[in-house]
>>> print(open('run_28.csv').read())   # CSV, C-alpha atoms
chain,number,residue,atom,x,y,z
M,280,MET,CA,44.9,-95.5,197.7
M,281,THR,CA,46.0,-91.8,197.4
M,282,TYR,CA,48.6,-90.7,199.9
M,283,PRO,CA,47.8,-87.5,201.9
M,284,LYS,CA,49.7,-84.5,200.6
M,285,ASP,CA,50.6,-83.4,204.2
M,286,ARG,CA,52.5,-86.7,204.7
M,287,VAL,CA,54.5,-86.1,201.6
M,288,ILE,CA,55.3,-82.5,202.6
M,289,ASP,CA,56.4,-83.8,206.1
M,290,ALA,CA,58.6,-86.4,204.4
M,291,LEU,CA,60.3,-83.8,202.3
M,292,SER,CA,61.0,-81.7,205.4
M,293,HIS,CA,63.6,-84.4,206.3
M,294,VAL,CA,65.6,-83.9,203.1
M,295,LYS,CA,68.3,-81.3,203.7
M,296,TYR,CA,70.4,-79.5,201.1
M,297,PRO,CA,74.1,-80.5,201.8
M,298,GLY,CA,76.0,-77.9,203.8
M,299,SER,CA,73.0,-75.6,204.4
M,300,GLY,CA,71.3,-77.3,207.4
M,301,LYS,CA,67.9,-76.3,205.7
M,302,SER,CA,65.4,-78.5,204.1
M,303,LEU,CA,64.7,-78.3,200.3
M,304,ASP,CA,61.3,-76.9,201.2
M,305,GLU,CA,62.8,-74.1,203.3
M,306,LEU,CA,65.1,-73.2,200.4
M,307,GLY,CA,62.2,-73.0,198.0
M,308,MET,CA,63.4,-76.0,196.0
M,309,ILE,CA,60.2,-78.0,196.2
M,310,GLY,CA,57.7,-77.0,193.6
M,311,ASN,CA,54.2,-78.4,193.1
M,312,ILE,CA,53.4,-81.9,194.3
M,313,ASP,CA,50.9,-84.0,192.4
M,314,ILE,CA,49.6,-87.2,193.9
M,315,GLU,CA,47.5,-89.8,191.9
M,316,GLY,CA,47.0,-93.1,193.6
M,317,SER,CA,50.5,-94.5,194.5
M,318,SER,CA,52.2,-92.1,192.1
M,319,VAL,CA,53.8,-89.0,193.7
M,320,THR,CA,55.2,-86.4,191.3
M,321,ILE,CA,57.5,-83.8,192.8
M,322,ASN,CA,58.8,-80.7,191.0
M,323,LEU,CA,62.4,-80.1,192.1
M,324,VAL,CA,63.7,-76.6,191.4
M,325,TYR,CA,67.4,-75.9,191.3
M,326,TYR,CA,69.1,-72.6,192.0
M,327,LYS,CA,71.8,-73.5,189.5
M,328,LYS,CA,71.5,-75.0,186.1
M,329,LYS,CA,74.0,-77.7,187.1
M,330,ASP,CA,73.5,-78.5,190.7
M,331,PRO,CA,76.4,-80.7,192.0
M,332,PHE,CA,74.1,-82.5,194.4
M,333,ALA,CA,71.3,-83.2,191.9
M,334,ALA,CA,71.7,-87.0,191.9
M,335,SER,CA,72.0,-87.3,195.7
M,336,LEU,CA,69.0,-85.0,196.2
M,337,LYS,CA,66.8,-87.1,193.9
M,338,LYS,CA,67.8,-90.3,195.8
M,339,ALA,CA,67.2,-88.6,199.1
M,340,ILE,CA,63.7,-87.4,198.0
M,341,GLU,CA,62.7,-90.9,196.8
M,342,GLY,CA,64.0,-92.5,200.0
M,343,ALA,CA,62.2,-90.0,202.2
M,344,VAL,CA,58.8,-90.5,200.5
M,345,LYS,CA,59.2,-94.3,200.6
M,346,TYR,CA,60.3,-94.3,204.3
M,347,TYR,CA,57.8,-91.7,205.7
M,348,VAL,CA,54.8,-92.2,203.4
M,349,HIS,CA,54.8,-95.7,201.9
M,350,PRO,CA,57.4,-98.2,200.7
M,351,ASP,CA,55.4,-98.8,197.5
M,352,ALA,CA,55.2,-95.2,196.5
M,353,GLN,CA,56.2,-94.5,192.9
M,354,VAL,CA,58.2,-91.3,193.1
M,355,ILE,CA,58.5,-89.2,189.9
M,356,ILE,CA,60.8,-86.2,190.1
M,357,ARG,CA,60.6,-83.4,187.6
M,358,GLU,CA,63.7,-81.2,187.5
M,359,THR,CA,63.6,-77.5,186.7
M,360,ALA,CA,66.9,-75.7,186.3
M,361,ALA,CA,65.7,-72.2,186.9
M,362,GLU,CA,65.6,-69.6,189.6
M,363,PRO,CA,62.5,-69.8,191.9
M,364,VAL,CA,59.6,-67.8,190.6
M,365,ASN,CA,59.5,-65.6,193.7
M,366,ASP,CA,63.1,-65.4,194.9
M,367,GLN,CA,62.6,-62.5,197.3
M,368,LYS,CA,65.8,-62.9,199.3
M,369,LYS,CA,67.8,-61.3,196.6
M,370,SER,CA,65.7,-58.1,196.7
M,371,GLY,CA,65.8,-57.9,200.5
M,372,ASN,CA,62.1,-58.7,200.8
M,373,GLU,CA,62.5,-61.3,203.5
M,374,GLY,CA,58.8,-61.5,204.4
M,375,LEU,CA,58.1,-63.2,201.1
M,376,SER,CA,61.2,-65.4,200.9
M,377,GLY,CA,59.2,-68.6,201.7
M,378,VAL,CA,56.4,-67.8,199.3
M,379,LYS,CA,56.5,-70.1,196.2
M,380,ASN,CA,53.6,-68.6,194.1
M,381,ILE,CA,51.9,-65.2,194.2
M,382,ILE,CA,48.5,-65.4,192.6
M,383,ALA,CA,46.5,-62.2,191.8
M,384,ILE,CA,42.8,-62.6,191.9
M,385,ALA,CA,41.3,-59.9,189.8
M,386,SER,CA,38.1,-58.7,188.1
M,387,GLY,CA,37.2,-56.1,185.6
M,388,LYS,CA,34.3,-54.7,187.6
M,389,GLY,CA,32.9,-54.9,191.1
M,390,GLY,CA,30.0,-57.1,192.1
M,391,VAL,CA,31.1,-60.2,190.3
M,392,GLY,CA,32.0,-62.1,193.5
M,393,LYS,CA,35.8,-61.8,193.2
M,394,SER,CA,36.4,-61.8,197.0
M,395,THR,CA,34.0,-64.7,197.4
M,396,VAL,CA,36.0,-66.6,194.9
M,397,ALA,CA,39.3,-65.6,196.5
M,398,VAL,CA,38.2,-66.7,200.0
M,399,ASN,CA,36.7,-70.0,198.9
M,400,LEU,CA,39.6,-70.8,196.6
M,401,ALA,CA,42.0,-70.2,199.5
M,402,VAL,CA,39.9,-72.6,201.6
M,403,ALA,CA,39.8,-75.2,198.8
M,404,PHE,CA,43.6,-75.0,198.5
M,405,ALA,CA,44.0,-75.5,202.2
M,406,LYS,CA,41.6,-78.4,202.2
M,407,GLN,CA,43.8,-80.1,199.6
M,408,GLY,CA,46.9,-79.9,201.8
M,409,PHE,CA,48.5,-76.7,200.5
M,410,ARG,CA,50.0,-73.9,202.7
M,411,VAL,CA,48.0,-70.8,201.8
M,412,GLY,CA,48.1,-67.1,202.5
M,413,LEU,CA,45.4,-64.6,201.6
M,414,LEU,CA,46.1,-60.8,201.3
M,415,ASP,CA,43.1,-58.5,201.1
M,416,ALA,CA,44.5,-55.8,198.8
M,417,ASP,CA,41.1,-54.3,198.2
M,418,ILE,CA,42.2,-51.4,200.4
M,419,PHE,CA,39.0,-49.3,200.0
M,420,GLY,CA,36.5,-52.2,200.4
M,421,PRO,CA,38.0,-54.9,202.5
M,422,SER,CA,35.7,-57.9,203.0
M,423,ILE,CA,38.0,-60.7,204.1
M,424,PRO,CA,37.5,-60.1,207.9
M,425,LYS,CA,33.7,-60.5,207.6
M,426,MET,CA,33.9,-63.5,205.3
M,427,PHE,CA,36.0,-65.3,207.9
M,428,ASN,CA,34.0,-64.0,210.9
M,429,LEU,CA,37.2,-62.2,212.1
M,430,GLU,CA,35.8,-58.7,212.5
M,431,GLY,CA,37.6,-57.1,215.4
M,432,ALA,CA,40.6,-59.4,215.1
M,433,VAL,CA,43.9,-57.5,215.5
M,434,PRO,CA,47.1,-59.0,214.1
M,435,GLU,CA,50.1,-59.3,216.5
M,436,VAL,CA,53.2,-57.3,215.8
M,437,ASN,CA,56.6,-58.8,216.8
M,438,SER,CA,60.1,-57.3,216.8
M,439,GLN,CA,62.4,-59.2,214.5
M,440,ASN,CA,66.0,-58.1,213.9
M,441,GLY,CA,65.1,-54.6,215.2
M,442,SER,CA,62.1,-54.2,212.9
M,443,ASP,CA,58.4,-54.6,213.6
M,444,VAL,CA,56.9,-57.5,211.7
M,445,ILE,CA,53.1,-58.3,211.4
M,446,LEU,CA,51.9,-61.8,212.1
M,447,PRO,CA,49.0,-62.8,209.9
M,448,VAL,CA,45.7,-63.9,211.4
M,449,GLU,CA,45.1,-67.6,210.9
M,450,LYS,CA,41.9,-69.5,210.4
M,451,HIS,CA,41.0,-72.7,208.6
M,452,GLY,CA,44.7,-73.2,207.9
M,453,ILE,CA,45.0,-69.9,206.0
M,454,LYS,CA,47.2,-67.0,206.9
M,455,MET,CA,45.5,-63.7,206.1
M,456,LEU,CA,45.9,-60.0,206.3
M,457,SER,CA,43.6,-57.1,205.5
M,458,VAL,CA,43.3,-53.4,206.1
M,459,GLY,CA,40.0,-54.3,207.7
M,460,PHE,CA,42.0,-55.6,210.7
M,461,PHE,CA,43.3,-52.1,211.3
M,462,VAL,CA,40.3,-49.8,210.8
M,463,LYS,CA,36.9,-49.9,212.3
M,464,GLN,CA,34.2,-51.5,210.2
M,465,SER,CA,32.1,-48.3,210.2
M,466,ASP,CA,35.0,-46.1,209.0
M,467,ALA,CA,35.8,-45.3,205.4
M,468,THR,CA,39.3,-45.7,204.2
M,469,ILE,CA,40.0,-42.3,202.7
M,470,TRP,CA,43.5,-42.6,201.3
M,471,ARG,CA,45.2,-41.2,198.3
M,472,GLY,CA,46.9,-43.6,195.9
M,473,PRO,CA,50.4,-43.4,197.4
M,474,MET,CA,49.0,-44.2,200.9
M,475,ALA,CA,47.1,-47.3,199.6
M,476,SER,CA,50.2,-48.4,197.8
M,477,SER,CA,52.3,-47.9,200.9
M,478,ALA,CA,49.9,-50.1,202.9
M,479,LEU,CA,50.1,-52.8,200.3
M,480,LYS,CA,54.0,-52.8,200.5
M,481,GLN,CA,53.8,-53.1,204.2
M,482,PHE,CA,51.4,-56.0,204.1
M,483,LEU,CA,53.7,-57.7,201.6
M,484,PHE,CA,57.1,-57.1,203.0
M,485,GLN,CA,56.7,-56.4,206.7
M,486,THR,CA,54.6,-59.5,207.3
M,487,ASP,CA,55.9,-62.9,208.4
M,488,TRP,CA,54.2,-65.0,205.8
M,489,GLY,CA,56.4,-68.0,206.5
M,490,THR,CA,56.4,-70.9,204.0
M,491,LEU,CA,53.5,-70.8,201.6
M,492,ASP,CA,52.6,-72.7,198.4
M,493,TYR,CA,50.2,-70.0,197.4
M,494,LEU,CA,49.7,-66.4,198.4
M,495,LEU,CA,46.5,-65.2,196.9
M,496,ILE,CA,46.1,-61.4,196.5
M,497,ASP,CA,42.5,-60.2,196.4
M,498,LEU,CA,42.8,-57.1,194.2
M,499,PRO,CA,40.3,-54.2,194.0
M,500,PRO,CA,38.0,-54.4,190.9
M,501,GLY,CA,39.2,-52.7,187.7
M,502,THR,CA,42.8,-51.4,187.3
M,503,SER,CA,44.4,-49.0,189.8
M,504,ASP,CA,47.5,-47.9,191.6
M,505,ILE,CA,47.2,-51.1,193.7
M,506,HIS,CA,47.6,-53.3,190.6
M,507,LEU,CA,50.5,-51.3,189.3
M,508,THR,CA,52.2,-51.4,192.8
M,509,LEU,CA,51.8,-55.2,193.0
M,510,VAL,CA,53.4,-56.0,189.7
M,511,GLN,CA,56.2,-53.5,190.3
M,512,GLU,CA,57.0,-54.8,193.8
M,513,VAL,CA,56.8,-58.6,193.4
M,514,PRO,CA,57.1,-61.1,190.5
M,515,VAL,CA,53.4,-62.3,190.3
M,516,THR,CA,53.3,-65.9,189.2
M,517,GLY,CA,50.0,-65.4,187.4
M,518,ALA,CA,46.5,-63.9,187.5
M,519,ILE,CA,43.1,-65.5,187.8
M,520,ILE,CA,40.2,-63.3,186.4
M,521,VAL,CA,36.7,-63.5,187.9
M,522,SER,CA,33.6,-62.6,185.9
M,523,THR,CA,30.0,-63.3,185.6
M,524,PRO,CA,28.5,-64.5,182.2
M,525,GLN,CA,26.8,-61.2,181.4
M,526,GLU,CA,28.1,-59.1,178.5
M,527,VAL,CA,28.9,-56.0,180.7
M,528,ALA,CA,31.1,-58.1,183.0
M,529,ILE,CA,32.8,-59.8,180.1
M,530,ALA,CA,33.7,-56.5,178.5
M,531,ASP,CA,35.4,-55.4,181.7
M,532,ALA,CA,37.1,-58.8,182.1
M,533,ILE,CA,38.7,-58.3,178.8
M,534,LYS,CA,40.3,-55.0,180.0
M,535,SER,CA,41.6,-56.8,183.1
M,536,ILE,CA,43.1,-59.6,181.0
M,537,SER,CA,44.7,-57.0,178.7
M,538,MET,CA,46.3,-55.2,181.6
M,539,PHE,CA,48.1,-58.3,182.8
M,540,LEU,CA,49.1,-59.4,179.3
M,541,ASN,CA,50.3,-55.9,178.4
M,542,ASP,CA,53.9,-55.9,176.9
M,543,LYS,CA,55.1,-53.8,179.9
M,544,VAL,CA,53.5,-56.1,182.5
M,545,LYS,CA,53.7,-59.6,181.1
M,546,VAL,CA,52.0,-61.5,184.0
M,547,PRO,CA,50.6,-64.8,182.7
M,548,VAL,CA,46.8,-65.1,183.0
M,549,LEU,CA,46.2,-68.6,184.5
M,550,GLY,CA,42.6,-68.7,183.6
M,551,LEU,CA,39.0,-67.4,184.0
M,552,VAL,CA,36.5,-68.2,186.7
M,553,GLU,CA,32.9,-67.8,185.8
M,554,ASN,CA,31.0,-66.9,188.9
M,555,MET,CA,27.2,-67.0,189.2
M,556,SER,CA,27.1,-69.2,186.1
M,557,TRP,CA,23.6,-70.3,186.8
M,558,PHE,CA,21.1,-70.3,189.7
M,559,THR,CA,20.4,-73.6,191.4
M,560,PRO,CA,17.8,-73.9,194.1
M,561,LEU,CA,19.0,-75.9,197.1
M,562,GLU,CA,15.9,-78.0,197.1
M,563,LEU,CA,16.3,-78.7,193.3
M,564,PRO,CA,20.1,-79.2,192.9
M,565,GLU,CA,19.7,-80.6,189.3
M,566,ASN,CA,17.9,-77.5,188.0
M,567,LYS,CA,19.9,-74.7,186.4
M,568,TYR,CA,18.6,-71.2,185.6
M,569,TYR,CA,20.9,-69.0,183.5
M,570,ILE,CA,19.8,-65.6,184.9
M,571,PHE,CA,23.0,-63.8,183.9
M,572,GLY,CA,23.3,-65.4,180.5
M,573,LYS,CA,25.0,-68.5,179.4
M,574,GLY,CA,28.5,-69.3,178.1
M,575,GLY,CA,29.9,-65.8,178.4
M,576,CYS,CA,33.2,-66.8,180.1
M,577,GLY,CA,33.5,-70.0,178.1
M,578,ASN,CA,33.3,-68.0,174.8
M,579,LEU,CA,35.8,-65.4,176.1
M,580,ALA,CA,38.2,-68.2,177.2
M,581,LYS,CA,38.0,-69.8,173.8
M,582,ASN,CA,38.5,-66.5,171.9
M,583,MET,CA,41.5,-65.4,174.0
M,584,ASN,CA,43.0,-68.9,174.3
M,585,ILE,CA,42.8,-68.8,178.1
M,586,PRO,CA,41.6,-71.8,180.2
M,587,LEU,CA,38.2,-71.7,181.9
M,588,LEU,CA,39.2,-72.9,185.3
M,589,GLY,CA,35.8,-73.3,186.8
M,590,GLN,CA,32.1,-72.4,186.9
M,591,ILE,CA,30.6,-71.5,190.2
M,592,PRO,CA,26.8,-71.7,190.5
M,593,LEU,CA,24.7,-69.2,192.4
M,594,VAL,CA,23.0,-70.7,195.4
M,595,GLN,CA,21.4,-69.1,198.4
M,596,GLY,CA,23.9,-70.7,200.8
M,597,ILE,CA,27.0,-69.0,199.4
M,598,CYS,CA,25.7,-65.6,200.3
M,599,GLU,CA,24.5,-66.7,203.7
M,600,ASP,CA,27.8,-68.5,204.4
M,601,GLY,CA,29.8,-65.4,203.4
M,602,ASP,CA,27.7,-63.2,205.7
M,603,LYS,CA,28.1,-65.6,208.6
M,604,GLY,CA,31.9,-65.8,208.1
M,605,ASN,CA,31.7,-69.5,207.2
M,606,PRO,CA,33.1,-70.0,203.6
M,607,SER,CA,31.1,-72.5,201.6
M,608,ALA,CA,34.2,-74.4,200.4
M,609,LEU,CA,34.5,-75.8,204.0
M,610,ASP,CA,31.7,-78.2,203.2
M,611,GLN,CA,33.3,-80.3,200.5
M,612,ASP,CA,30.2,-82.3,199.9
M,613,SER,CA,28.0,-79.3,199.0
M,614,ILE,CA,27.3,-78.1,195.5
M,615,ILE,CA,29.6,-75.0,196.1
M,616,GLY,CA,32.2,-77.0,197.9
M,617,LYS,CA,32.6,-79.4,195.0
M,618,ALA,CA,32.7,-76.5,192.5
M,619,PHE,CA,35.5,-74.8,194.4
M,620,ALA,CA,37.4,-78.1,194.9
M,621,ASN,CA,37.4,-78.6,191.2
M,622,LEU,CA,38.5,-75.0,190.7
M,623,ALA,CA,41.4,-75.5,193.0
M,624,ARG,CA,42.5,-78.6,191.2
M,625,ASN,CA,42.4,-76.9,187.9
M,626,ALA,CA,44.3,-73.9,189.2
M,627,VAL,CA,47.0,-76.1,190.7
M,628,LYS,CA,47.5,-77.8,187.3
M,629,GLN,CA,47.7,-74.4,185.5
M,630,ILE,CA,50.2,-73.0,188.0
M,631,GLN,CA,52.3,-76.1,187.6
M,632,GLN,CA,52.2,-75.9,183.8
M,633,ARG,CA,53.0,-72.2,184.0
M,634,ASN,CA,56.1,-72.8,186.2
M,635,GLU,CA,57.4,-75.6,184.1
M,636,ASN,CA,56.9,-74.0,180.7
M,637,VAL,CA,57.2,-70.2,181.2
M,638,ILE,CA,60.2,-68.3,182.4
M,639,PRO,CA,60.0,-66.9,185.9
M,640,THR,CA,58.0,-63.7,186.2
M,641,LYS,CA,60.0,-60.5,186.7
M,642,LYS,CA,59.0,-57.4,188.5
M,643,VAL,CA,57.7,-54.8,186.2
M,644,GLU,CA,60.0,-51.8,185.6
M,645,ILE,CA,58.1,-48.9,184.1
M,646,SER,CA,59.9,-45.9,182.6
M,647,TYR,CA,58.3,-42.5,182.6
M,648,LYS,CA,60.5,-41.0,180.0
>>> encode(input="run_28.csv", output="structure tokens")
Amino acid sequence: MTYPKDRVIDALSHVKYPGSGKSLDELGMIGNIDIEGSSVTINLVYYKKKDPFAASLKKAIEGAVKYYVHPDAQVIIRETAAEPVNDQKKSGNEGLSGVKNIIAIASGKGGVGKSTVAVNLAVAFAKQGFRVGLLDADIFGPSIPKMFNLEGAVPEVNSQNGSDVILPVEKHGIKMLSVGFFVKQSDATIWRGPMASSALKQFLFQTDWGTLDYLLIDLPPGTSDIHLTLVQEVPVTGAIIVSTPQEVAIADAIKSISMFLNDKVKVPVLGLVENMSWFTPLELPENKYYIFGKGGCGNLAKNMNIPLLGQIPLVQGICEDGDKGNPSALDQDSIIGKAFANLARNAVKQIQQRNENVIPTKKVEISYK
């Protein structure tokens, strides 16, 4: 028997940090949670290298899981004495103070299905019990509203502490925001770079994202002002690069990877996603036709020592589902649903390994001297 993740999360909400009145989760001290059978592994992140309440916190966590989840649960606590990866409170960016991991979804070129991957990965994360946000940062070609059948939706704006704060639109357990919610579908977004960057900052910092395990940022294809603004404004946990197997896409994917790994940027690349890996007819699910080539992303991953997180087949349904605003990952028994569920599991493992073994990401500071 594997315990539901939402029950574990609920159990941990009862563990308060002494003297604060807030739960460990609210303080960003609960990292990734991995459940296998009766084993529950929890990553506990300390704000200080020597937390005086470390021993009592571990006992409280174990007690809460056994009391609220199951008395036979085997609780394993991994301790990390480091600042949280995305400690936004110190920079005054309160809107992101509850966001644990900021994940950039990027591609070297357009047309490889980056937004489709971002949408379905968000759904797969939510299906696995994670709290997920999705920010459509493709300012000039927003597609998130259509892919969730939310065209015409308008986010609410509340006043908090004398400032206007945007409330994300929610669907399928995902909090999302897109410039597509603020412009007509038929209108072109004709903005210069500074205007687009300003919009991104507003979506990041003037939005009540609440507590999230993952905030996925669907970036425009290529490299642009938006990419630079993102890494300068927030510490990005890592990037996931989407490509098809064909050589033209692979060549551009290399450029995207190089941008994140640049000495001045230093954002970890969590892995590659090969989209449209093969064509599979719905009526012949065992058949595979490699219409865009075979093994392109696998070879690239091996050559650059980057994990291949998943391969997503091309089936007719994924296009139809996207056009209807019904993400394919919602059907976990379908070919596509299983592929994205596997992608989500692999991504979670890579993010956890990154947070445990790599120092927290810092915002990029670029000098123009």
>>> closest_residue(input="run_28.csv", among="M:Gly601, M:Gly431, M:Gly310, M:Gly316", to="Ser394 (chain M)", atoms="all atoms listed in the file")
M:Gly601
>>> atom_distance(input="run_28.csv", atom1="CA of Val510 (chain M)", atom2="CA of Thr640 (chain M)")
9.6 Å
>>> atom_distance(input="run_28.csv", atom1="CA of Ser318 (chain M)", atom2="CA of Asp351 (chain M)")
9.2 Å
>>> closest_residue(input="run_28.csv", among="M:Arg410, M:Lys480, M:Lys425, M:Lys393", to="Ala532 (chain M)", atoms="all atoms listed in the file")
M:Lys393
>>> residues_around(input="run_28.csv", residues="Asn578 (chain M)", least_positions_apart="4", cutoff="10 Å", atoms="only C-alpha atoms", output="mmCIF file with C-alpha atoms, in the coordinates of the input")
data_model
loop_
_atom_site.group_PDB
_atom_site.id
_atom_site.type_symbol
_atom_site.label_atom_id
_atom_site.label_comp_id
_atom_site.auth_asym_id
_atom_site.auth_seq_id
_atom_site.Cartn_x
_atom_site.Cartn_y
_atom_site.Cartn_z
ATOM 1 C CA PRO M 524 28.500 -64.500 182.200
ATOM 2 C CA ILE M 529 32.800 -59.800 180.100
ATOM 3 C CA LYS M 573 25.000 -68.500 179.400
ATOM 4 C CA GLY M 574 28.500 -69.300 178.100
ATOM 5 C CA ASN M 582 38.500 -66.500 171.900
ATOM 6 C CA MET M 583 41.500 -65.400 174.000
ATOM 7 C CA ASN M 584 43.000 -68.900 174.300
ATOM 8 C CA LEU M 587 38.200 -71.700 181.900
#
>>> residues_near_point(input="run_28.csv", point="(53.5, -57.4, 201.5)", cutoff="12 Å", atoms="all atoms listed in the file", output="VMD selection string")
chain M and resid 367 372 to 376 378 381 412 to 416 444 to 447 455 to 458 476 to 488 494 to 496 505 508 to 510 512 to 513
>>> closest_residue(input="run_28.csv", among="M:Arg357, M:Lys543, M:His349, M:Lys338", to="Asn311 (chain M)", atoms="all atoms listed in the file")
M:Arg357
>>> closest_residue(input="run_28.csv", among="M:Asn428, M:Gly441, M:Val398, M:Gln353", to="Ile453 (chain M)", atoms="all atoms listed in the file")
M:Val398
>>> atom_distance(input="run_28.csv", atom1="CA of Gly489 (chain M)", atom2="CA of Lys301 (chain M)")
14.2 Å
>>> closest_residue(input="run_28.csv", among="M:Ser522, M:Ala405, M:Val433, M:Leu551", to="Lys454 (chain M)", atoms="only C-alpha atoms")
M:Ala405
>>> residues_around(input="run_28.csv", residues="Phe332 (chain M)", least_positions_apart="3", cutoff="8 Å", atoms="all atoms listed in the file", output="PyMOL selection string")
chain M and resi 297+335-336
>>> residues_around(input="run_28.csv", residues="Thr516 (chain M)", least_positions_apart="3", cutoff="12 Å", atoms="all atoms listed in the file", output="NGL selection string")
:M and (363-366 or 378-384 or 492-496 or 509-510 or 513 or 519 or 539 or 544-549 or 629-635 or 637-642)
>>> closest_residue(input="run_28.csv", among="M:Ile597, M:Ala528, M:Ile533, M:Ala626", to="Gly390 (chain M)", atoms="only C-alpha atoms")
M:Ala528
>>> axis_aligned_box(input="run_28.csv", around="region 429-446 of chain M", padding_each_side="3 Å", output="lines of an AutoDock Vina configuration file")
center_x = 50.9
center_y = -58.2
center_z = 214.1
size_x = 36.2
size_y = 14.0
size_z = 11.4
>>> residues_around(input="run_28.csv", residues="Gln611 (chain M)", least_positions_apart="4", cutoff="9 Å", atoms="only C-alpha atoms", output="ChimeraX atom specification")
/M:403,406,607,615-620
>>> decode(input="run_28.csv", residues="region 372-387 of chain M", atoms="N, CA and C atoms", output="compact mmCIF listing (two decimals), in the first residue's frame")
# COMPACT_ATOMS: atom_id res chain seq x y z
N ASN M 372 10.03 40.07 -2.52
CA ASN M 372 9.13 39.53 -3.52
C ASN M 372 8.16 38.56 -2.86
N GLU M 373 7.19 39.12 -2.12
CA GLU M 373 6.31 38.31 -1.29
C GLU M 373 5.45 37.35 -2.10
N GLY M 374 5.13 37.71 -3.35
CA GLY M 374 4.26 36.85 -4.14
C GLY M 374 4.83 35.46 -4.35
N LEU M 375 6.16 35.32 -4.28
CA LEU M 375 6.79 34.03 -4.51
C LEU M 375 7.34 33.41 -3.23
N SER M 376 7.00 33.97 -2.08
CA SER M 376 7.58 33.51 -0.83
C SER M 376 7.21 32.07 -0.51
N GLY M 377 6.08 31.58 -1.04
CA GLY M 377 5.67 30.21 -0.76
C GLY M 377 6.00 29.24 -1.88
N VAL M 378 6.75 29.68 -2.87
CA VAL M 378 7.09 28.83 -4.01
C VAL M 378 8.43 28.13 -3.74
N LYS M 379 8.41 26.81 -3.75
CA LYS M 379 9.62 26.06 -3.41
C LYS M 379 10.57 25.89 -4.59
N ASN M 380 10.01 25.64 -5.76
CA ASN M 380 10.85 25.38 -6.93
C ASN M 380 10.30 26.11 -8.14
N ILE M 381 11.16 26.88 -8.81
CA ILE M 381 10.79 27.56 -10.05
C ILE M 381 11.48 26.82 -11.19
N ILE M 382 10.67 26.27 -12.08
CA ILE M 382 11.18 25.43 -13.16
C ILE M 382 10.91 26.11 -14.50
N ALA M 383 11.96 26.38 -15.26
CA ALA M 383 11.83 26.98 -16.59
C ALA M 383 11.63 25.87 -17.61
N ILE M 384 10.58 25.99 -18.43
CA ILE M 384 10.35 25.06 -19.53
C ILE M 384 10.74 25.80 -20.81
N ALA M 385 11.77 25.34 -21.48
CA ALA M 385 12.33 26.10 -22.60
C ALA M 385 12.55 25.21 -23.82
N SER M 386 12.73 25.87 -24.97
CA SER M 386 13.06 25.15 -26.20
C SER M 386 13.94 26.05 -27.06
N GLY M 387 14.75 25.44 -27.89
CA GLY M 387 15.61 26.23 -28.75
C GLY M 387 14.87 26.86 -29.91
